[in-house]
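Pasted below: structure-v6.cif, mmCIF, C-alpha atoms.
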data_upload
loop_
_atom_site.label_atom_id
_atom_site.label_comp_id
_atom_site.auth_asym_id
_atom_site.auth_seq_id
_atom_site.Cartn_x
_atom_site.Cartn_y
_atom_site.Cartn_z
CA MET A 1 38.68 -82.91 -83.09
CA ASN A 2 41.45 -80.57 -84.32
CA PHE A 3 40.78 -77.66 -86.65
CA ASN A 4 43.16 -75.44 -88.64
CA TYR A 5 42.73 -71.70 -88.69
CA GLN A 6 44.49 -69.06 -90.75
CA TYR A 7 44.22 -65.29 -90.47
CA ILE A 8 45.58 -63.00 -93.18
CA PHE A 9 46.34 -59.30 -92.74
CA GLU A 10 47.06 -57.26 -95.88
CA SER A 11 49.42 -54.29 -95.79
CA ASP A 12 46.84 -52.10 -97.51
CA ASP A 13 44.80 -52.16 -94.30
CA ILE A 14 47.70 -51.12 -92.06
CA ASP A 15 49.74 -47.91 -91.95
CA LYS A 16 53.08 -49.71 -92.24
CA ASP A 17 54.01 -51.34 -95.52
CA PHE A 18 54.90 -54.96 -94.81
CA SER A 19 57.87 -54.55 -97.14
CA GLU A 20 59.51 -52.71 -94.22
CA PHE A 21 59.57 -55.89 -92.18
CA THR A 22 59.66 -59.63 -92.73
CA CYS A 23 59.30 -62.28 -90.09
CA TYR A 24 58.92 -65.92 -89.27
CA PHE A 25 58.45 -67.27 -85.77
CA ILE A 26 56.31 -69.70 -83.80
CA PHE A 27 54.69 -68.97 -80.46
CA GLU A 28 52.71 -71.61 -78.57
CA GLY A 29 51.94 -73.53 -81.74
CA ILE A 30 51.00 -70.49 -83.85
CA GLU A 31 53.08 -69.77 -86.95
CA ILE A 32 53.48 -66.08 -87.74
CA PHE A 33 55.11 -65.06 -90.99
CA THR A 34 55.07 -62.51 -93.79
CA GLN A 35 54.43 -63.51 -97.38
CA GLU A 36 54.42 -60.94 -100.16
CA ASN A 37 52.23 -58.14 -98.75
CA ASN A 38 50.54 -60.30 -96.16
CA LEU A 39 51.03 -61.04 -92.48
CA ILE A 40 49.76 -64.57 -91.80
CA PHE A 41 48.84 -66.43 -88.62
CA LYS A 42 48.40 -70.22 -88.82
CA GLY A 43 47.43 -72.46 -85.94
CA GLN A 44 45.39 -75.40 -84.70
CA ILE A 45 42.81 -75.75 -82.00
CA GLU A 46 41.03 -78.75 -80.47
CA LEU A 47 37.23 -78.62 -80.13
CA ASP A 48 34.45 -81.07 -79.32
CA GLY A 49 32.50 -80.40 -82.52
CA THR A 50 33.09 -81.97 -85.93
CA ASN A 51 31.46 -79.47 -88.29
CA VAL A 52 33.62 -76.53 -89.41
CA THR A 53 30.64 -74.24 -89.99
CA ASP A 54 29.23 -74.89 -86.53
CA THR A 55 32.56 -74.42 -84.78
CA THR A 56 33.85 -71.32 -86.60
CA THR A 57 32.60 -69.00 -83.89
CA GLU A 58 34.20 -71.13 -81.18
CA ILE A 59 37.51 -71.31 -83.09
CA THR A 60 37.55 -67.55 -83.41
CA ALA A 61 36.75 -67.05 -79.73
CA LYS A 62 39.40 -69.49 -78.49
CA SER A 63 42.15 -68.24 -80.79
CA ARG A 64 41.38 -64.54 -80.42
CA LEU A 65 43.29 -63.84 -77.18
CA LYS A 66 46.59 -65.22 -78.46
CA VAL A 67 46.14 -63.50 -81.81
CA ILE A 68 45.59 -60.17 -80.02
CA ALA A 69 48.70 -60.72 -77.90
CA LEU A 70 50.85 -61.48 -80.96
CA LEU A 71 49.47 -58.50 -82.89
CA ASP A 72 50.36 -56.36 -79.88
CA VAL A 73 53.92 -57.73 -79.95
CA ILE A 74 54.35 -56.99 -83.67
CA SER A 75 52.79 -53.54 -83.22
CA PHE A 76 55.32 -52.78 -80.49
CA LEU A 77 58.22 -53.86 -82.68
CA ILE A 78 57.23 -51.76 -85.70
CA GLY A 79 55.51 -48.87 -83.92
CA THR A 80 52.21 -49.09 -85.79
CA PRO A 81 48.81 -50.18 -84.47
CA ILE A 82 47.63 -53.55 -85.79
CA THR A 83 44.32 -55.06 -84.67
CA VAL A 84 41.94 -57.80 -85.73
CA TYR A 85 40.03 -55.07 -87.59
CA ASN A 86 42.90 -55.16 -90.09
CA MET A 87 42.23 -58.84 -90.83
CA ASN A 88 41.40 -59.35 -94.48
CA THR A 89 40.74 -63.09 -94.68
CA SER A 90 40.14 -65.98 -92.29
CA ASN A 91 40.10 -69.67 -93.20
CA PHE A 92 39.08 -72.72 -91.16
CA SER A 93 39.32 -76.44 -91.93
CA LYS A 94 39.43 -79.84 -90.27
CA VAL A 95 42.83 -81.36 -89.65
CA ILE A 96 42.94 -84.42 -91.90
CA ASN A 97 46.62 -85.24 -91.81
CA GLU A 98 48.66 -83.80 -88.98
CA ILE A 99 51.44 -81.67 -90.45
CA VAL A 100 54.13 -80.47 -88.07
CA PRO A 101 55.55 -77.08 -89.13
CA LEU A 102 59.08 -77.32 -90.49
CA GLN A 103 61.64 -76.04 -88.02
CA LYS A 104 62.84 -72.88 -89.69
CA GLU A 105 65.12 -70.25 -88.31
CA HIS A 106 63.19 -67.52 -86.54
CA TYR A 107 63.76 -63.95 -87.68
CA PHE A 108 62.17 -60.53 -87.46
CA ILE A 109 63.75 -58.03 -89.84
CA TYR A 110 62.65 -54.42 -89.53
CA ASN A 111 64.38 -51.57 -91.35
CA ASN A 112 66.99 -54.05 -92.55
CA ILE A 113 67.93 -55.07 -88.98
CA ASN A 114 67.15 -58.48 -87.52
CA ILE A 115 65.64 -57.76 -84.08
CA ILE A 116 64.84 -61.38 -83.32
CA ASN A 117 66.61 -61.12 -79.94
CA ASP A 118 64.19 -58.37 -78.90
CA LEU A 119 61.27 -60.46 -80.13
CA ASP A 120 62.49 -63.50 -78.21
CA LYS A 121 62.78 -61.43 -75.02
CA ILE A 122 59.24 -60.12 -75.44
CA LEU A 123 57.87 -63.62 -76.05
CA GLU A 124 59.80 -64.90 -73.04
CA SER A 125 58.25 -62.15 -70.92
CA LEU A 126 54.85 -62.97 -72.40
CA THR A 127 55.35 -66.53 -71.19
CA LYS A 128 56.79 -65.85 -67.73
CA ASP A 129 54.78 -62.75 -66.82
CA ARG A 130 51.85 -63.44 -69.05
CA PHE A 131 49.16 -61.07 -67.88
CA LEU A 132 51.21 -57.95 -67.13
CA THR A 133 53.23 -58.14 -70.34
CA ALA A 134 50.11 -58.82 -72.41
CA SER A 135 48.26 -55.96 -70.70
CA VAL A 136 50.87 -53.24 -71.21
CA LEU A 137 51.53 -54.22 -74.83
CA ASP A 138 47.80 -54.28 -75.56
CA LYS A 139 47.19 -50.89 -73.98
CA TRP A 140 50.05 -49.43 -76.02
CA ASN A 141 48.66 -50.88 -79.24
CA LYS A 142 45.14 -49.72 -78.32
CA ALA A 143 46.31 -46.18 -77.48
CA ASN A 144 48.06 -45.92 -80.86
CA PHE A 145 44.96 -47.30 -82.58
CA LEU A 146 42.79 -44.64 -80.89
CA ARG A 147 45.22 -41.91 -81.95
CA LYS A 148 45.05 -43.08 -85.57
CA SER A 149 41.25 -43.26 -85.64
CA ASP A 150 40.99 -39.99 -87.56
CA ASP A 151 43.26 -37.98 -89.83
CA SER A 152 44.05 -35.30 -87.24
CA SER A 153 44.51 -37.72 -84.30
CA VAL A 154 42.01 -35.82 -82.15
CA LEU A 155 38.79 -37.87 -82.03
CA TYR A 156 39.78 -40.29 -79.25
CA ILE A 157 42.86 -38.49 -77.95
CA ASP A 158 41.60 -38.31 -74.34
CA GLU A 159 40.95 -42.05 -74.37
CA ALA A 160 44.35 -42.72 -75.94
CA ILE A 161 46.09 -40.71 -73.21
CA LEU A 162 44.32 -42.69 -70.49
CA ASN A 163 45.44 -45.97 -72.07
CA TYR A 164 49.05 -44.80 -72.20
CA LEU A 165 48.83 -43.77 -68.55
CA HIS A 166 47.26 -47.09 -67.57
CA ILE A 167 50.54 -48.63 -68.74
CA PHE A 168 52.39 -46.48 -66.21
CA GLU A 169 49.97 -47.53 -63.48
CA LEU A 170 50.66 -51.20 -64.16
CA LEU A 171 54.44 -50.79 -64.47
CA SER A 172 54.74 -48.55 -61.39
CA ASP A 173 53.13 -51.26 -59.28
CA THR A 174 56.04 -53.58 -60.13
CA VAL A 175 58.38 -51.45 -57.99
CA LYS A 176 55.95 -50.78 -55.15
CA GLY A 177 57.53 -53.42 -52.91
CA ASP A 178 61.06 -52.11 -53.47
CA TYR A 179 59.92 -48.53 -52.96
CA LYS A 180 58.16 -49.38 -49.70
CA ALA A 181 61.25 -51.25 -48.48
CA LYS A 182 63.42 -48.25 -49.29
CA ILE A 183 61.09 -45.93 -47.38
CA ASP A 184 61.06 -48.30 -44.40
CA ASN A 185 64.84 -48.46 -44.38
CA GLU A 186 65.14 -44.67 -44.55
CA ILE A 187 62.63 -44.18 -41.72
CA ASN A 188 64.39 -46.80 -39.60
CA ARG A 189 67.70 -45.05 -40.23
CA LEU A 190 66.35 -41.59 -39.40
CA LEU A 191 64.60 -42.77 -36.23
CA LYS A 192 67.68 -44.68 -35.10
CA ILE A 193 69.87 -41.60 -35.60
CA PHE A 194 67.35 -39.53 -33.64
CA PHE A 195 67.06 -41.93 -30.71
CA ASP A 196 70.79 -42.64 -30.62
CA ARG A 197 71.42 -38.92 -30.23
CA THR A 198 68.60 -38.08 -27.83
CA SER A 199 67.76 -41.26 -25.87
CA PHE A 200 69.56 -43.06 -23.06
CA ASP A 201 67.64 -46.31 -23.56
CA THR A 202 69.19 -49.66 -24.36
CA ASP A 203 69.48 -50.85 -27.97
CA ASP A 204 66.55 -53.24 -27.52
CA LYS A 205 64.38 -50.46 -26.09
CA ILE A 206 65.34 -48.15 -28.98
CA LYS A 207 64.32 -50.87 -31.45
CA GLU A 208 60.91 -51.07 -29.77
CA ARG A 209 60.48 -47.30 -29.90
CA ILE A 210 61.46 -47.22 -33.60
CA LYS A 211 58.90 -49.93 -34.33
CA GLY A 212 56.24 -48.02 -32.43
CA LYS A 213 56.93 -44.71 -34.13
CA LYS A 214 57.40 -46.00 -37.68
CA GLU A 215 53.75 -45.85 -38.82
CA LEU A 216 53.22 -42.44 -37.24
CA THR A 217 56.36 -41.17 -38.98
CA LYS A 218 55.05 -42.47 -42.30
CA GLU A 219 51.85 -40.50 -41.82
CA ILE A 220 53.74 -37.34 -40.90
CA LEU A 221 55.99 -37.70 -43.96
CA GLU A 222 52.96 -38.58 -46.15
CA VAL A 223 54.47 -41.85 -47.38
CA LYS A 224 52.09 -44.31 -45.71
CA PHE A 225 50.12 -44.56 -48.92
CA LEU A 226 52.31 -44.29 -52.02
CA SER A 227 51.01 -41.95 -54.70
CA PHE A 228 50.92 -42.94 -58.35
CA LYS A 229 53.28 -40.08 -59.18
CA ASP A 230 55.91 -41.19 -56.67
CA LYS A 231 55.72 -44.84 -57.74
CA LEU A 232 56.03 -43.87 -61.39
CA LYS A 233 59.01 -41.61 -60.80
CA TYR A 234 60.65 -44.36 -58.73
CA PHE A 235 60.10 -46.80 -61.61
CA LEU A 236 61.59 -44.35 -64.10
CA LYS A 237 64.54 -43.58 -61.84
CA SER A 238 65.18 -47.30 -61.28
CA ASN A 239 65.41 -47.73 -65.06
CA GLY A 240 67.59 -44.68 -65.75
CA LEU A 241 64.77 -42.68 -67.34
CA LEU A 242 64.23 -39.88 -64.81
CA ASP A 243 65.75 -36.42 -65.00
CA GLU A 244 64.38 -32.96 -64.25
CA ASP A 245 62.65 -32.48 -67.62
CA THR A 246 61.12 -35.98 -67.51
CA SER A 247 59.96 -35.37 -63.94
CA PHE A 248 58.27 -32.15 -65.12
CA LEU A 249 56.66 -34.08 -67.98
CA VAL A 250 55.31 -36.66 -65.51
CA ASP A 251 53.84 -33.90 -63.32
CA ASN A 252 52.00 -32.45 -66.32
CA LEU A 253 50.84 -35.88 -67.51
CA ILE A 254 49.36 -36.79 -64.13
CA LYS A 255 47.60 -33.43 -63.91
CA LEU A 256 46.19 -34.07 -67.40
CA ARG A 257 45.18 -37.61 -66.43
CA ASN A 258 43.27 -36.32 -63.40
CA ASP A 259 41.53 -33.68 -65.53
CA ILE A 260 40.42 -36.30 -68.07
CA ALA A 261 39.45 -38.94 -65.53
CA HIS A 262 37.51 -36.60 -63.24
CA GLY A 263 35.93 -34.41 -65.90
CA ARG A 264 37.35 -30.90 -66.22
CA MET A 265 34.83 -28.28 -67.36
CA ILE A 266 35.46 -26.36 -70.55
CA ARG A 267 36.70 -22.80 -70.02
CA ASN A 268 36.31 -21.30 -73.48
CA MET A 269 33.34 -21.00 -75.83
CA ASP A 270 34.76 -18.42 -78.25
CA VAL A 271 37.47 -20.04 -80.36
CA MET A 272 39.16 -23.40 -80.85
CA ALA A 273 42.79 -23.84 -81.83
CA TYR A 274 43.74 -26.17 -84.67
CA PRO A 275 43.45 -29.07 -85.19
CA LEU A 276 39.71 -28.65 -84.66
CA THR A 277 38.04 -31.41 -82.64
CA PRO A 278 34.46 -32.76 -82.82
CA PHE A 279 34.14 -32.67 -79.00
CA TYR A 280 35.52 -30.64 -76.11
CA ASN A 281 38.67 -32.70 -75.62
CA THR A 282 40.19 -32.13 -72.19
CA SER A 283 43.65 -32.69 -73.67
CA ALA A 284 43.22 -30.22 -76.53
CA LYS A 285 45.60 -27.67 -74.97
CA GLU A 286 48.22 -30.29 -74.08
CA GLY A 287 48.65 -31.92 -77.47
CA ASP A 288 52.43 -31.55 -77.26
CA LEU A 289 52.47 -34.04 -74.37
CA VAL A 290 51.07 -36.94 -76.38
CA ASN A 291 54.07 -38.06 -78.42
CA PRO A 292 56.49 -37.86 -75.48
CA LEU A 293 53.94 -39.93 -73.54
CA ARG A 294 53.75 -42.47 -76.35
CA VAL A 295 57.53 -42.88 -76.57
CA LEU A 296 58.13 -42.84 -72.81
CA THR A 297 55.57 -45.60 -72.27
CA ALA A 298 57.21 -47.61 -75.04
CA VAL A 299 60.73 -47.32 -73.63
CA SER A 300 59.35 -48.06 -70.15
CA ILE A 301 57.82 -51.29 -71.41
CA SER A 302 61.15 -52.16 -73.00
CA LYS A 303 63.03 -51.53 -69.75
CA TYR A 304 60.59 -53.73 -67.86
CA ILE A 305 61.03 -56.55 -70.38
CA GLY A 306 64.81 -56.10 -70.43
CA ILE A 307 65.44 -54.76 -73.94
CA ASN A 308 66.50 -51.41 -75.38
CA LEU A 309 63.82 -50.85 -78.01
CA TRP A 310 62.59 -47.24 -78.24
CA GLN A 311 65.64 -45.93 -76.39
CA ASN A 312 66.92 -43.97 -79.40
CA GLU A 313 63.46 -42.55 -80.06
CA TRP A 314 63.24 -41.44 -76.44
CA GLU A 315 66.62 -39.71 -76.61
CA GLU A 316 65.39 -37.81 -79.67
CA GLU A 317 62.12 -36.94 -77.93
CA LYS A 318 63.86 -35.72 -74.77
CA VAL A 319 65.53 -32.92 -76.73
CA LEU A 320 62.05 -31.55 -77.47
CA LEU A 321 60.69 -31.70 -73.92
CA GLN A 322 59.70 -28.42 -72.35
CA PRO A 323 62.01 -27.38 -69.50
CA SER A 324 60.60 -27.26 -65.99
CA ASP A 325 59.46 -24.02 -64.38
CA THR A 326 62.41 -24.32 -62.01
CA ILE A 327 64.91 -24.40 -64.87
CA ILE A 328 63.25 -21.45 -66.62
CA LYS A 329 63.36 -19.39 -63.42
CA LYS A 330 67.04 -20.22 -62.96
CA TYR A 331 67.65 -19.01 -66.50
CA LEU A 332 65.77 -15.76 -65.88
CA ASP A 333 67.77 -15.24 -62.68
CA ASN A 334 71.05 -15.71 -64.57
CA GLU A 335 71.92 -18.88 -62.66
CA LEU A 336 72.68 -20.95 -65.77
CA LEU A 337 76.22 -20.42 -67.06
CA ASN A 338 77.81 -21.15 -70.46
CA PHE A 339 74.40 -21.17 -72.05
CA ASN A 340 73.04 -19.94 -75.40
CA ILE A 341 69.27 -19.79 -75.86
CA ASN A 342 69.70 -19.29 -79.60
CA SER A 343 71.08 -22.81 -80.12
CA GLU A 344 70.49 -26.34 -78.82
CA ASN A 345 71.42 -26.69 -75.16
CA LYS A 346 71.23 -29.29 -72.42
CA PHE A 347 68.44 -27.41 -70.65
CA ASN A 348 66.05 -27.50 -73.65
CA ILE A 349 65.43 -23.77 -73.18
CA ASN A 350 64.57 -22.02 -76.42
CA TRP A 351 62.49 -19.11 -77.67
CA TYR A 352 59.36 -21.27 -77.84
CA SER A 353 59.71 -22.46 -74.23
CA LEU A 354 59.97 -18.79 -73.20
CA PHE A 355 56.78 -18.12 -75.18
CA ARG A 356 54.97 -20.93 -73.33
CA PHE A 357 56.22 -19.66 -69.98
CA TYR A 358 55.35 -16.06 -70.84
CA ILE A 359 51.68 -16.68 -71.63
CA ALA A 360 51.26 -18.68 -68.40
CA GLY A 361 53.01 -16.08 -66.20
CA ASN A 362 51.73 -13.15 -64.22
CA SER A 363 52.55 -9.51 -65.08
CA LYS A 364 55.71 -9.52 -62.93
CA MET A 365 57.01 -12.66 -64.66
CA LYS A 366 56.12 -11.26 -68.08
CA ARG A 367 58.20 -8.17 -67.40
CA LYS A 368 61.09 -10.33 -66.22
CA ILE A 369 60.98 -12.29 -69.48
CA GLU A 370 60.88 -9.08 -71.52
CA GLN A 371 63.99 -7.84 -69.75
CA LYS A 372 65.78 -11.14 -70.28
CA VAL A 373 64.88 -11.24 -73.99
CA GLU A 374 66.08 -7.67 -74.43
CA SER A 375 69.34 -8.61 -72.71
CA GLU A 376 69.78 -11.65 -74.99
CA LEU A 377 69.06 -9.68 -78.15
CA LYS A 378 71.80 -7.20 -77.26
CA THR A 379 74.41 -9.98 -77.34
CA ILE A 380 73.12 -12.13 -80.23
CA PRO A 381 73.73 -10.69 -83.72
CA PHE A 382 70.41 -10.14 -85.50
CA GLU A 383 71.50 -12.15 -88.54
CA GLU A 384 71.97 -15.21 -86.28
CA LEU A 385 68.38 -15.09 -85.06
CA SER A 386 65.78 -17.38 -86.62
CA ALA A 387 62.67 -15.29 -87.14
CA LEU A 388 60.49 -18.38 -87.41
CA ASP A 389 61.82 -19.80 -84.13
CA MET A 390 61.08 -16.49 -82.39
CA TYR A 391 57.80 -15.79 -84.14
CA GLU A 392 55.36 -16.79 -81.35
CA LEU A 393 57.40 -15.05 -78.66
CA ALA A 394 57.76 -11.94 -80.82
CA ILE A 395 53.98 -11.81 -81.33
CA VAL A 396 53.22 -11.76 -77.58
CA LEU A 397 56.06 -9.33 -76.87
CA SER A 398 54.80 -6.89 -79.51
CA THR A 399 52.90 -4.89 -76.86
CA THR A 400 56.02 -4.18 -74.84
CA GLN A 401 56.53 -0.61 -73.65
CA ASP A 402 60.28 -0.95 -74.16
CA GLU A 403 60.95 0.93 -77.40
CA GLN A 404 64.35 -0.65 -77.99
CA LEU A 405 62.94 -4.17 -77.60
CA LEU A 406 59.88 -3.32 -79.71
CA SER A 407 62.10 -2.17 -82.58
CA ILE A 408 63.79 -5.57 -82.77
CA ILE A 409 60.49 -7.42 -82.27
CA LYS A 410 58.98 -5.63 -85.29
CA LYS A 411 61.92 -6.67 -87.47
CA ILE A 412 61.57 -10.30 -86.33
CA ILE A 413 57.84 -10.37 -87.11
CA LYS A 414 58.39 -8.81 -90.54
CA ASN A 415 61.13 -11.31 -91.39
CA ALA A 416 58.99 -14.22 -90.22
CA ILE A 417 56.01 -13.10 -92.27
CA ARG A 418 58.17 -12.75 -95.38
CA GLN A 419 59.35 -16.36 -94.89
CA ILE A 420 55.87 -17.82 -94.43
CA GLU A 421 53.93 -18.36 -97.62
CA SER A 422 50.46 -18.26 -96.02
CA TRP A 423 51.44 -15.62 -93.50
CA SER A 424 48.01 -14.08 -92.99
CA GLY A 425 46.61 -17.37 -91.73
CA ASN A 426 49.69 -18.09 -89.68
CA TYR A 427 49.52 -15.13 -87.33
CA LYS A 428 45.77 -15.67 -86.95
CA ASP A 429 46.53 -19.26 -85.89
CA ILE A 430 48.69 -17.84 -83.12
CA PHE A 431 45.82 -15.57 -82.05
CA ASN A 432 43.50 -18.61 -82.00
CA TYR A 433 46.04 -20.54 -79.96
CA LEU A 434 46.23 -17.73 -77.41
CA GLU A 435 42.51 -17.05 -77.29
CA SER A 436 41.70 -20.74 -76.82
CA ARG A 437 43.76 -20.39 -73.62
CA ASN A 438 41.76 -17.30 -72.59
CA TYR A 439 44.69 -15.01 -73.38
CA ASN A 440 43.54 -11.52 -74.37
CA THR A 441 44.88 -10.66 -77.84
CA THR A 442 43.07 -7.36 -78.49
CA GLU A 443 46.14 -5.13 -78.15
CA ILE A 444 48.45 -7.69 -79.78
CA GLN A 445 46.23 -7.88 -82.87
CA LYS A 446 46.28 -4.11 -83.31
CA VAL A 447 50.07 -3.94 -83.10
CA VAL A 448 50.66 -6.92 -85.40
CA LYS A 449 48.25 -5.57 -88.04
CA ASP A 450 50.09 -2.23 -87.97
CA ILE A 451 53.39 -4.08 -88.46
CA ILE A 452 51.96 -6.04 -91.38
CA LYS A 453 50.89 -2.80 -93.10
CA GLN A 454 54.55 -1.72 -93.11
CA ILE A 455 55.69 -4.75 -95.13
#
What is this file in structure tokens?
Amino acid sequence: MNFNYQYIFESDDIDKDFSEFTCYFIFEGIEIFTQENNLIFKGQIELDGTNVTDTTTEITAKSRLKVIALLDVISFLIGTPITVYNMNTSNFSKVINEIVPLQKEHYFIYNNINIINDLDKILESLTKDRFLTASVLDKWNKANFLRKSDDSSVLYIDEAILNYLHIFELLSDTVKGDYKAKIDNEINRLLKIFFDRTSFDTDDKIKERIKGKKELTKEILEVKFLSFKDKLKYFLKSNGLLDEDTSFLVDNLIKLRNDIAHGRMIRNMDVMAYPLTPFYNTSAKEGDLVNPLRVLTAVSISKYIGINLWQNEWEEEKVLLQPSDTIIKKYLDNELLNFNINSENKFNINWYSLFRFYIAGNSKMKRKIEQKVESELKTIPFEELSALDMYELAIVLSTTQDEQLLSIIKKIIKNAIRQIESWSGNYKDIFNYLESRNYNTTEIQKVVKDIIKQI
């Protein structure tokens, strides 16, 4: 016997207001549409039983997987987690008279733009490549849900990060065959060049020798077993998403993933930086990696499906990525020309990235940064400097022995403090940030407090 089911999701239970999007479409017999402030799913299912009450559990179980998949699709389109926990009402009834849904035009309007073509592509992928598409969309929705589980997005942040990275593991496997073929071709080419230049054997004999040496060469070059990092970077490169900053981001993400997955010990029991967490989150010090990870996984899913959703968001996010150590070192060695650290630039190098690099560097590198900053401040008019942009760097440079640099640093700190309403808490937040990374702030605190007394 056939039974109707209807699930209603109210906008009050979801971050996004449904007024931002309206939709109507049908997927595998399920109608999905918005009505007033509700998102509604309507469908039918055939069961052996005849009593609605007795079969409610079975209806829910058999409809749940498709409902999850469609919620994942909508979540991906609007960028907000939606789960069955957001369901407000469910209704079930016997089918008395079969009613075929009217054939209406499908649409999905979000932010006043009809993105039905993107929706159709996703649904097509969900049909053709059912399990992979459903898996990556669900992990993305789940990761966002875990991030939103508390006001500060810290409670399940480690688990959210792992779910985002599981998406990369699934997508990177889609290019494994192509990557292996490319490696084989390159090894064949290199071995052929070598034997052509050094051997006097016939062509057939050279082919045999290449075949015999190929596996050994793979082991020597460490490409016999492809690493997750290499597969992921190959996937990103194949889809036009890899550059030096993104490659550096991937390196940091995989290091973070290994720390979370294998259980890194805590290294600080004295102070915790804000936002405060209820547990020792492994990712607490790498919070700035999470949103780039979220957007990069989203645009990667889009590329796999064959659409351009999340491309604009990724371009905006890329401007905020931290530059690689290699780029920073080139900057410090004066190898980057036509470059102004005091304004936006193609290398993403700014005062904050110097601050991050400074606190991670050894004493030799710290001195090199001090010298570079002093050099920059000689050429940039003081009135063009943003005290707030330089605030963190100025704080850690306040213990410099260079009197000329220190004079400018003091002025920057004073200006920044004057511009910050709750200034006393602000500089203490920087101390907490440093101390949570086991950075000694004893001397810095003394200097900064002396500077504050002069205001």
Can you list, as a ChimeraX atom specification, every protein, DNA or RNA residue that comes within 8 Å of A:Leu253 when you count only C-alpha atoms, leaving out same-chain residues fewer than 3 positions away?
/A:249-250,256-257,289,293
Excluding A:Tyr5 and any residue of its chain fewer than 6 positions from it, enumerate the residues within 7 Å of it, using all atoms listed in the file, and give them as a PyMOL selection string.
chain A and resi 42-44+91-93
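When the PyMOL selection byres ((chain A and resi 352) around 7) is evaluated on the file shown here, the picked residues come out as Asn350, Trp351, Ser353, Leu354, Phe355, Arg356, Asp389, Met390, Glu392 and Leu393 of chain A.
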Close residues, A:Glu317 itself excluded, 9 Å, all atoms listed in the file, min 5 positions apart in chain, as a short mmCIF file (atom, residue, chain, number, x, y, z; two decimals) with C-alpha atoms, keeping the file's coordinate frame:
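Output (around08.cif):
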data_model
loop_
_atom_site.label_atom_id
_atom_site.label_comp_id
_atom_site.auth_asym_id
_atom_site.auth_seq_id
_atom_site.Cartn_x
_atom_site.Cartn_y
_atom_site.Cartn_z
CA ASN A 291 54.07 -38.06 -78.42
CA PRO A 292 56.49 -37.86 -75.48
CA VAL A 295 57.53 -42.88 -76.57
CA LEU A 296 58.13 -42.84 -72.81
CA ASN A 312 66.92 -43.97 -79.40
#
Quick one: distance from atom CA of A:Asn114 to atom CA of A:Ala69 in Å, one decimal?
20.9 Å
Would you list the contacts of A:Gln35 as an MDAnalysis selection string, taking every protein, DNA or RNA residue within 9 Å and counting only C-alpha atoms, but skipping same-chain residues closer than 6 positions in sequence?
chainID A and resid 18 22:23
Since I can't run it myself right now, could you work out what the PyMOL selection byres ((chain A and resi 157-174) around 9) selects here and report it as a VMD selection string?
chain A and resid 132 135 to 137 139 to 140 142 to 147 153 to 156 175 to 178 228 to 236 253 to 254 256 to 257 260 to 261 281 to 284 287 290 293 to 294 297 300 to 301 304
Can you list, as a VMD selection string, the residues that the PyMOL selection byres ((chain A and resi 395) around 12) selects here?
chain A and resid 351 to 352 355 358 to 359 387 to 394 396 to 400 406 408 to 414 416 to 417 426 to 431 433 to 434 441 443 to 449 451 to 452
Selected residues, C-alpha atoms, written as a compact mmCIF listing (two decimals), in the coordinates of the input, please.
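Contents of again_16.txt, as written:
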# COMPACT_ATOMS: atom_id res chain seq x y z
CA TRP A 351 62.49 -19.11 -77.67
CA TYR A 352 59.36 -21.27 -77.84
CA PHE A 355 56.78 -18.12 -75.18
CA TYR A 358 55.35 -16.06 -70.84
CA ILE A 359 51.68 -16.68 -71.63
CA ALA A 387 62.67 -15.29 -87.14
CA LEU A 388 60.49 -18.38 -87.41
CA ASP A 389 61.82 -19.80 -84.13
CA MET A 390 61.08 -16.49 -82.39
CA TYR A 391 57.80 -15.79 -84.14
CA GLU A 392 55.36 -16.79 -81.35
CA LEU A 393 57.40 -15.05 -78.66
CA ALA A 394 57.76 -11.94 -80.82
CA VAL A 396 53.22 -11.76 -77.58
CA LEU A 397 56.06 -9.33 -76.87
CA SER A 398 54.80 -6.89 -79.51
CA THR A 399 52.90 -4.89 -76.86
CA THR A 400 56.02 -4.18 -74.84
CA LEU A 406 59.88 -3.32 -79.71
CA ILE A 408 63.79 -5.57 -82.77
CA ILE A 409 60.49 -7.42 -82.27
CA LYS A 410 58.98 -5.63 -85.29
CA LYS A 411 61.92 -6.67 -87.47
CA ILE A 412 61.57 -10.30 -86.33
CA ILE A 413 57.84 -10.37 -87.11
CA LYS A 414 58.39 -8.81 -90.54
CA ALA A 416 58.99 -14.22 -90.22
CA ILE A 417 56.01 -13.10 -92.27
CA ASN A 426 49.69 -18.09 -89.68
CA TYR A 427 49.52 -15.13 -87.33
CA LYS A 428 45.77 -15.67 -86.95
CA ASP A 429 46.53 -19.26 -85.89
CA ILE A 430 48.69 -17.84 -83.12
CA PHE A 431 45.82 -15.57 -82.05
CA TYR A 433 46.04 -20.54 -79.96
CA LEU A 434 46.23 -17.73 -77.41
CA THR A 441 44.88 -10.66 -77.84
CA GLU A 443 46.14 -5.13 -78.15
CA ILE A 444 48.45 -7.69 -79.78
CA GLN A 445 46.23 -7.88 -82.87
CA LYS A 446 46.28 -4.11 -83.31
CA VAL A 447 50.07 -3.94 -83.10
CA VAL A 448 50.66 -6.92 -85.40
CA LYS A 449 48.25 -5.57 -88.04
CA ILE A 451 53.39 -4.08 -88.46
CA ILE A 452 51.96 -6.04 -91.38
Figure out the distance between atom CA of A:Thr127 and atom CA of A:Ser19, please, to one decimal in Å.
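Atom CA of A:Thr127 lies at a distance of 28.7 Å from atom CA of A:Ser19.
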So which residues touch A:Phe9 within 7 Å, counting all atoms listed in the file, skipping near sequence neighbours fewer than 2 positions away, as a ChimeraX atom specification?
/A:7,11,38-40,86-88
